[in-house]
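Text of run.tsv, listed as TSV, C-alpha atoms:
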chain	number	residue	atom	x	y	z
A	1	GLU	CA	48.80	-26.43	32.75
A	2	GLN	CA	48.12	-30.04	31.75
A	3	ALA	CA	44.41	-29.28	31.49
A	4	ILE	CA	44.72	-25.90	29.74
A	5	PRO	CA	47.45	-25.53	27.07
A	6	VAL	CA	49.29	-22.19	27.27
A	7	GLY	CA	51.29	-20.08	24.83
A	8	ARG	CA	50.87	-21.29	21.26
A	9	GLY	CA	49.85	-24.73	22.47
A	10	MET	CA	46.63	-26.56	21.61
A	11	HIS	CA	44.79	-29.68	22.69
A	12	ASP	CA	45.84	-32.97	21.08
A	13	GLU	CA	42.17	-33.63	20.44
A	14	PRO	CA	39.25	-31.19	20.45
A	15	VAL	CA	37.64	-30.68	23.84
A	16	ASP	CA	34.36	-32.60	24.10
A	17	PRO	CA	31.90	-30.24	25.83
A	18	ASP	CA	29.70	-33.16	26.85
A	19	ARG	CA	32.54	-34.41	29.08
A	20	LEU	CA	32.92	-31.11	30.94
A	21	TYR	CA	31.08	-31.19	34.25
A	22	GLY	CA	28.64	-28.32	34.56
A	23	PHE	CA	29.54	-26.83	31.17
A	24	ARG	CA	26.75	-24.95	29.40
A	25	ALA	CA	27.50	-23.51	25.98
A	26	GLN	CA	24.42	-22.03	24.40
A	27	GLY	CA	24.48	-22.34	20.63
A	28	TRP	CA	27.63	-24.51	20.55
A	29	ASP	CA	26.60	-26.65	17.55
A	30	ASP	CA	25.21	-23.68	15.63
A	31	PHE	CA	28.42	-21.76	16.28
A	32	TRP	CA	30.61	-24.41	14.62
A	33	THR	CA	28.11	-24.84	11.77
A	34	ARG	CA	28.68	-21.17	10.92
A	35	PHE	CA	32.43	-21.70	10.44
A	36	ASP	CA	31.78	-22.28	6.72
A	37	GLY	CA	30.43	-18.74	6.54
A	38	ILE	CA	33.63	-16.94	7.57
A	39	ALA	CA	36.24	-15.60	5.14
A	40	GLU	CA	37.33	-18.30	2.70
A	41	ALA	CA	40.97	-17.25	3.10
A	42	VAL	CA	40.91	-18.36	6.74
A	43	ARG	CA	38.80	-21.54	6.56
A	44	PHE	CA	41.86	-23.77	6.16
A	45	ARG	CA	42.54	-23.03	9.86
A	46	GLN	CA	39.50	-24.99	11.03
A	47	GLU	CA	41.41	-27.90	12.60
A	48	ARG	CA	43.66	-25.50	14.49
A	49	ALA	CA	40.70	-23.40	15.62
A	50	VAL	CA	38.92	-26.49	16.95
A	51	LYS	CA	42.00	-27.69	18.86
A	52	GLN	CA	42.75	-24.22	20.25
A	53	MET	CA	39.28	-23.94	21.74
A	54	GLY	CA	39.94	-24.05	25.49
A	55	THR	CA	43.54	-22.74	25.39
A	56	LEU	CA	45.12	-19.72	27.05
A	57	GLY	CA	47.56	-18.05	24.68
A	58	SER	CA	50.37	-15.77	25.89
A	59	GLY	CA	51.10	-12.09	26.54
A	60	ASN	CA	48.81	-10.72	29.26
A	61	HIS	CA	46.56	-13.81	29.20
A	62	PHE	CA	46.41	-15.66	32.51
A	63	VAL	CA	44.72	-18.25	34.70
A	64	GLU	CA	44.60	-17.43	38.41
A	65	VAL	CA	43.46	-18.74	41.76
A	66	CYS	CA	42.60	-15.76	43.98
A	67	LEU	CA	41.33	-14.98	47.47
A	68	ASP	CA	38.95	-12.17	48.31
A	69	GLU	CA	39.10	-10.20	51.55
A	70	SER	CA	36.80	-12.70	53.29
A	71	GLY	CA	39.03	-15.63	52.31
A	72	ALA	CA	36.70	-17.03	49.64
A	73	VAL	CA	38.44	-18.64	46.65
A	74	TRP	CA	37.93	-17.23	43.14
A	75	LEU	CA	39.04	-18.65	39.81
A	76	MET	CA	39.84	-16.07	37.15
A	77	LEU	CA	41.09	-16.27	33.59
A	78	HIS	CA	41.72	-13.89	30.74
A	79	SER	CA	41.98	-14.83	27.06
A	80	GLY	CA	40.39	-14.17	23.70
A	81	SER	CA	39.77	-15.49	20.20
A	82	ARG	CA	43.21	-17.08	19.80
A	83	ASN	CA	44.89	-17.43	16.39
A	84	ILE	CA	41.67	-17.70	14.40
A	85	GLY	CA	40.59	-14.26	15.63
A	86	LYS	CA	43.94	-12.73	14.72
A	87	GLU	CA	43.89	-14.24	11.24
A	88	LEU	CA	40.37	-13.01	10.58
A	89	ALA	CA	41.38	-9.52	11.71
A	90	ASP	CA	44.51	-9.54	9.54
A	91	HIS	CA	42.46	-10.67	6.54
A	92	HIS	CA	39.90	-7.89	6.84
A	93	ILE	CA	42.53	-5.21	7.52
A	94	GLY	CA	44.18	-6.31	4.27
A	95	GLU	CA	40.87	-6.13	2.41
A	96	ALA	CA	40.13	-2.65	3.76
A	97	ARG	CA	43.52	-1.33	2.63
A	98	LYS	CA	42.72	-2.31	-0.97
A	99	LEU	CA	39.51	-0.25	-1.18
A	100	PRO	CA	39.59	2.94	-3.30
A	101	HIS	CA	38.47	5.26	-0.49
A	102	ASN	CA	41.40	4.11	1.66
A	103	GLN	CA	44.12	5.07	-0.79
A	104	GLY	CA	46.39	7.98	0.07
A	105	LEU	CA	45.80	7.82	3.83
A	106	VAL	CA	48.38	9.46	6.10
A	107	ASP	CA	48.52	6.13	7.94
A	108	ARG	CA	47.52	2.86	6.27
A	109	ASP	CA	46.17	1.63	9.63
A	110	LEU	CA	43.33	4.16	9.26
A	111	ALA	CA	41.70	2.04	6.54
A	112	VAL	CA	37.97	1.55	7.18
A	113	PHE	CA	34.90	-0.18	5.80
A	114	VAL	CA	31.85	1.86	4.82
A	115	ALA	CA	28.43	0.97	6.27
A	116	ASP	CA	25.98	-1.02	4.16
A	117	THR	CA	28.62	-2.42	1.79
A	118	PRO	CA	29.41	-6.11	1.09
A	119	GLU	CA	32.87	-5.64	2.65
A	120	MET	CA	31.40	-4.30	5.87
A	121	ALA	CA	28.81	-7.10	5.99
A	122	ALA	CA	31.54	-9.74	5.59
A	123	TYR	CA	33.65	-8.08	8.26
A	124	ARG	CA	30.79	-7.88	10.75
A	125	ASN	CA	29.91	-11.53	10.17
A	126	ASP	CA	33.48	-12.65	10.94
A	127	LEU	CA	33.92	-10.16	13.78
A	128	PHE	CA	30.89	-11.39	15.69
A	129	TRP	CA	31.81	-15.04	15.02
A	130	ALA	CA	35.31	-14.45	16.44
A	131	GLN	CA	33.86	-12.73	19.51
A	132	GLU	CA	31.64	-15.75	20.06
A	133	TYR	CA	34.72	-17.97	19.74
A	134	ALA	CA	36.40	-15.96	22.50
A	135	LYS	CA	33.38	-16.33	24.77
A	136	HIS	CA	33.22	-20.10	24.23
A	137	ASN	CA	37.00	-20.34	24.69
A	138	ARG	CA	36.82	-18.75	28.13
A	139	ALA	CA	33.82	-20.88	29.11
A	140	VAL	CA	35.62	-24.10	28.13
A	141	MET	CA	38.76	-23.09	30.04
A	142	MET	CA	36.76	-22.21	33.14
A	143	ALA	CA	35.05	-25.62	33.03
A	144	LEU	CA	38.44	-27.33	32.64
A	145	LEU	CA	39.80	-25.32	35.59
A	146	GLN	CA	36.82	-26.17	37.76
A	147	ASN	CA	37.27	-29.85	36.93
A	148	VAL	CA	40.91	-29.65	38.10
A	149	LEU	CA	39.81	-28.32	41.49
A	150	ARG	CA	37.11	-30.94	41.82
A	151	LYS	CA	39.67	-33.71	41.23
A	152	GLN	CA	42.39	-32.24	43.44
A	153	PHE	CA	40.09	-31.43	46.38
A	154	LYS	CA	37.68	-34.35	46.36
A	155	LYS	CA	37.22	-34.40	50.13
A	156	ALA	CA	36.25	-30.73	50.13
A	157	LYS	CA	33.41	-31.44	47.67
A	158	VAL	CA	34.04	-28.16	45.89
A	159	THR	CA	31.05	-26.22	44.58
A	160	PHE	CA	31.02	-23.09	42.43
A	161	GLU	CA	28.84	-20.02	42.22
A	162	PRO	CA	27.66	-18.76	38.79
A	163	VAL	CA	30.43	-17.63	36.45
A	164	ILE	CA	30.92	-13.94	35.64
A	165	SER	CA	31.61	-13.75	31.89
A	166	CYS	CA	33.11	-10.40	30.96
A	167	HIS	CA	33.83	-9.48	27.33
A	168	HIS	CA	36.67	-7.05	26.55
A	169	ASN	CA	38.20	-5.58	23.38
A	170	TYR	CA	35.02	-6.13	21.38
A	171	VAL	CA	32.29	-4.50	19.31
A	172	ALA	CA	28.62	-4.36	20.30
A	173	GLU	CA	25.47	-3.10	18.57
A	174	GLU	CA	23.87	-0.67	21.02
A	175	ARG	CA	21.52	2.33	20.89
A	176	TYR	CA	22.32	5.74	22.35
A	177	GLU	CA	20.40	9.02	22.00
A	178	GLY	CA	18.14	7.48	19.38
A	179	MET	CA	21.01	6.21	17.23
A	180	ASP	CA	22.01	2.62	16.48
A	181	LEU	CA	25.77	2.46	16.98
A	182	LEU	CA	28.67	0.03	16.79
A	183	VAL	CA	30.34	0.57	20.17
A	184	THR	CA	33.99	-0.48	20.11
A	185	ARG	CA	35.26	-1.27	23.61
A	186	LYS	CA	39.01	-1.41	23.10
A	187	GLY	CA	40.66	-1.67	26.49
A	188	ALA	CA	37.17	-1.53	27.97
A	189	ILE	CA	34.30	-3.64	29.29
A	190	ARG	CA	30.55	-3.06	29.37
A	191	ALA	CA	29.43	-1.40	32.61
A	192	GLY	CA	25.69	-1.06	32.12
A	193	SER	CA	23.53	-0.73	35.22
A	194	GLY	CA	23.94	-3.95	37.21
A	195	ASP	CA	26.42	-5.55	34.79
A	196	TYR	CA	29.14	-7.52	36.56
A	197	GLY	CA	32.64	-6.85	35.31
A	198	ILE	CA	36.25	-7.86	35.93
A	199	ILE	CA	39.11	-5.32	36.08
A	200	PRO	CA	42.49	-7.06	36.52
A	201	GLY	CA	45.64	-5.36	37.76
A	202	SER	CA	48.80	-7.36	37.08
A	203	MET	CA	50.34	-10.72	37.99
A	204	GLY	CA	51.31	-9.47	41.45
A	205	THR	CA	48.81	-6.83	42.48
A	206	GLY	CA	45.35	-8.41	42.30
A	207	SER	CA	42.07	-7.59	40.57
A	208	TYR	CA	38.59	-6.17	41.17
A	209	ILE	CA	35.11	-7.54	40.58
A	210	VAL	CA	32.81	-4.61	39.85
A	211	ARG	CA	29.18	-3.80	39.09
A	212	GLY	CA	28.33	-1.26	36.40
A	213	LEU	CA	26.51	1.98	37.22
A	214	GLY	CA	25.14	2.53	33.70
A	215	ASN	CA	26.86	5.82	32.88
A	216	GLU	CA	25.73	6.60	29.33
A	217	ALA	CA	28.31	9.41	29.03
A	218	SER	CA	30.87	6.61	28.84
A	219	PHE	CA	28.61	4.53	26.55
A	220	ASN	CA	28.06	2.22	29.56
A	221	SER	CA	31.77	1.34	29.62
A	222	ALA	CA	34.64	1.05	32.11
A	223	SER	CA	38.31	0.13	31.89
A	224	HIS	CA	39.33	-3.41	31.03
A	225	GLY	CA	42.32	-3.42	33.37
A	226	ALA	CA	45.08	-1.39	34.97
A	227	GLY	CA	46.70	-0.68	31.61
A	228	ARG	CA	50.40	-0.53	30.84
A	229	LYS	CA	52.53	2.47	31.75
A	230	MET	CA	55.48	1.23	29.69
A	231	SER	CA	55.91	-0.92	26.59
A	232	ARG	CA	56.99	-4.54	26.74
A	233	ASN	CA	60.45	-3.70	25.40
A	234	ALA	CA	60.84	-0.85	27.89
A	235	ALA	CA	59.87	-3.20	30.72
A	236	LYS	CA	62.49	-5.73	29.62
A	237	ARG	CA	65.14	-2.99	29.61
A	238	ARG	CA	64.09	-1.56	32.96
A	239	PHE	CA	63.45	-4.70	35.05
A	240	SER	CA	65.29	-7.95	35.83
A	241	THR	CA	64.15	-11.40	36.98
A	242	ARG	CA	65.18	-10.36	40.48
A	243	ASP	CA	62.74	-7.44	40.26
A	244	LEU	CA	60.07	-9.87	39.07
A	245	GLU	CA	60.69	-12.18	42.02
A	246	GLU	CA	60.40	-9.27	44.44
A	247	GLN	CA	57.23	-7.83	42.90
A	248	THR	CA	55.45	-11.20	42.76
A	249	ARG	CA	56.50	-12.36	46.24
A	250	GLY	CA	53.78	-14.55	47.73
A	251	VAL	CA	52.37	-15.51	44.32
A	252	GLU	CA	53.09	-18.94	42.80
A	253	CYS	CA	53.93	-18.01	39.20
A	254	ARG	CA	56.61	-17.90	36.54
A	255	LYS	CA	59.52	-15.71	37.58
A	256	ASP	CA	61.77	-16.11	34.53
A	257	SER	CA	62.94	-13.72	31.81
A	258	GLY	CA	60.14	-14.85	29.50
A	259	VAL	CA	57.54	-12.92	31.52
A	260	VAL	CA	59.54	-9.90	32.73
A	261	ASP	CA	57.50	-7.75	30.32
A	262	GLU	CA	54.44	-8.64	32.42
A	263	ILE	CA	56.01	-7.47	35.70
A	264	PRO	CA	53.65	-5.46	37.94
A	265	GLY	CA	55.93	-2.42	37.68
A	266	ALA	CA	55.10	-2.14	33.97
A	267	TYR	CA	51.42	-1.52	34.81
A	268	LYS	CA	49.54	1.42	36.30
A	269	PRO	CA	48.46	1.08	39.97
A	270	ILE	CA	45.16	-0.79	39.85
A	271	GLU	CA	43.82	0.99	42.98
A	272	ARG	CA	44.25	4.38	41.31
A	273	VAL	CA	42.58	3.12	38.12
A	274	ILE	CA	39.58	1.90	40.11
A	275	ASP	CA	39.42	5.15	42.10
A	276	GLN	CA	39.28	7.20	38.89
A	277	GLN	CA	36.12	5.46	37.64
A	278	LYS	CA	33.86	5.63	40.66
A	279	ASP	CA	31.23	7.20	38.40
A	280	LEU	CA	31.32	4.13	36.14
A	281	VAL	CA	31.45	1.11	38.48
A	282	GLU	CA	31.13	0.09	42.11
A	283	VAL	CA	33.49	-2.45	43.69
A	284	VAL	CA	31.97	-5.82	44.58
A	285	ALA	CA	35.13	-7.66	45.61
A	286	LYS	CA	38.88	-7.13	45.75
A	287	LEU	CA	40.92	-10.19	44.82
A	288	LYS	CA	44.56	-11.12	45.42
A	289	GLN	CA	46.02	-13.96	43.41
A	290	VAL	CA	47.94	-16.80	45.09
A	291	VAL	CA	48.55	-18.72	41.83
A	292	CYS	CA	49.08	-17.11	38.44
A	293	VAL	CA	49.68	-19.17	35.28
A	294	LYS	CA	50.84	-17.33	32.15
A	295	GLY	CA	51.62	-18.57	28.67
Turn this file's structure into structure tokens for me.
Amino acid sequence: EQAIPVGRGMHDEPVDPDRLYGFRAQGWDDFWTRFDGIAEAVRFRQERAVKQMGTLGSGNHFVEVCLDESGAVWLMLHSGSRNIGKELADHHIGEARKLPHNQGLVDRDLAVFVADTPEMAAYRNDLFWAQEYAKHNRAVMMALLQNVLRKQFKKAKVTFEPVISCHHNYVAEERYEGMDLLVTRKGAIRAGSGDYGIIPGSMGTGSYIVRGLGNEASFNSASHGAGRKMSRNAAKRRFSTRDLEEQTRGVECRKDSGVVDEIPGAYKPIERVIDQQKDLVEVVAKLKQVVCVKG
């Protein structure tokens, strides 16, 4: 938690990628150069965006130390584009709602951009920049986490296998049945043939590493996680901190009222979720967390 700020926290100073052992961020300098090209209404957040690079956030975001069934240690984390991504999304939703073709909708959240318009071009520019921010954010955090283990277990001379980087809740330009499409994977990951993916359960039940089977009927996609079976407010009404302690027994993690809404009982059974997508992915490893850090 000292290495990776959680919740709404940020680093006191921007993380220097050159000081992260083994860190490789392709296009890092070009990425930050393109900040001047995002929506002007959000550019004043640059300092915050820089200092939040390499931070966890809250909600269902987590950092975990896990064991697979052979006893090998895995490091896993889940986060996204932080506040800068949210502000860019809010900005473009507001812009879409102003457009003439979006007036009189039955639900204002149905506002859309039309292809090949300046508004859509601006949105796509900022969308793909924010997705790149999320990817760099996770890479920085993983490097910080690896450095912690190197320092704490010096005698073990810890080494790491290649990182599995798995995007979720994102848009990709892909081609299906002769058509160029914008595939929106909300609550989903890419599961193209041979693609490695991560499907988490909850803070007490474990997660799965999978390999995609390339099922084009699902647009080469699979689930992003177990998924909630009740809302956060419903979980807070239904469960207590005692329930949380019981359901996370054996896991070093927060067990206070602030994370009751993330209790395993609020999520669908991860084993059933995996079983229902055997035509989309194959299981590579089953992980069980021993440490879970949440914001």
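Taking only C-alpha atoms, the non-local environment of segment 165-167 of chain A within 7 Å (same-chain residues fewer than 5 positions away omitted) comprises Ile189, Gly197 and Ile198 of chain A.
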Quote the spacing between atom CA of Arg238 of chain A and atom CA of Ser202 of chain A in Å to one decimal place. 16.9 Å
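In terms of minimum interatomic distance to Phe219 of chain A, A:Arg175 ranks closest within A:Arg175, A:Arg237, A:Lys186, A:His61, counting all atoms listed in the file.
Across the structure, atom CA of Arg24 of chain A and atom CA of Ala139 of chain A are spaced 8.2 Å apart.
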Atomic separation - atom CA of Ile270 of chain A relative to atom CA of Ser193 of chain A, Å: 22.1 Å
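Minimum atom-to-atom distance to Leu213 of chain A, evaluated using all atoms listed in the file, belongs to A:Gln277 out of A:Gln152, A:Thr241, A:Gln277, A:Asn83.
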Among listed residues A:Gln46, A:Thr184, A:Ser81, A:Gln26, nearest Ser218 of chain A (using all atoms listed in the file): A:Thr184
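Closest to Asp29 of chain A among A:His136, A:Arg185, A:Val63, A:Ala111 is A:His136, based on all atoms listed in the file.
Closest approach to Phe44 of chain A among A:Gly178, A:Val140, A:Glu87, A:Lys236: A:Glu87, based on only C-alpha atoms.
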Non-local contacts of Asn125 of chain A (8 Å; all atoms listed in the file; under 4 positions in same chain excluded) as a ChimeraX atom specification: /A:38,121,129
Contacts of Ala222 of chain A at 7 Å (all atoms listed in the file; same-chain gap of 5+ positions) as number ranges by chain: A: 188-191, 280
Best match for closeness to Ala115 of chain A among A:Phe239, A:Gly295, A:Val273, A:Leu182, counting all atoms listed in the file: A:Leu182
Mind checking which residues fall within 10 Å of Arg8 of chain A, counting all atoms listed in the file, ignoring those fewer than 5 positions away in the same chain, and posting them as a list in words? Gln52, Thr55, Leu56, Gly57, Ser58, Arg82, Asn83 and Gly295 of chain A
6 Å per side around segment 265-280 of chain A: axis-aligned box centre and edge lengths, as AutoDock Vina command-line options:
--center_x 43.6 --center_y 2.4 --center_z 38.5 --size_x 36.7 --size_y 21.6 --size_z 21.0
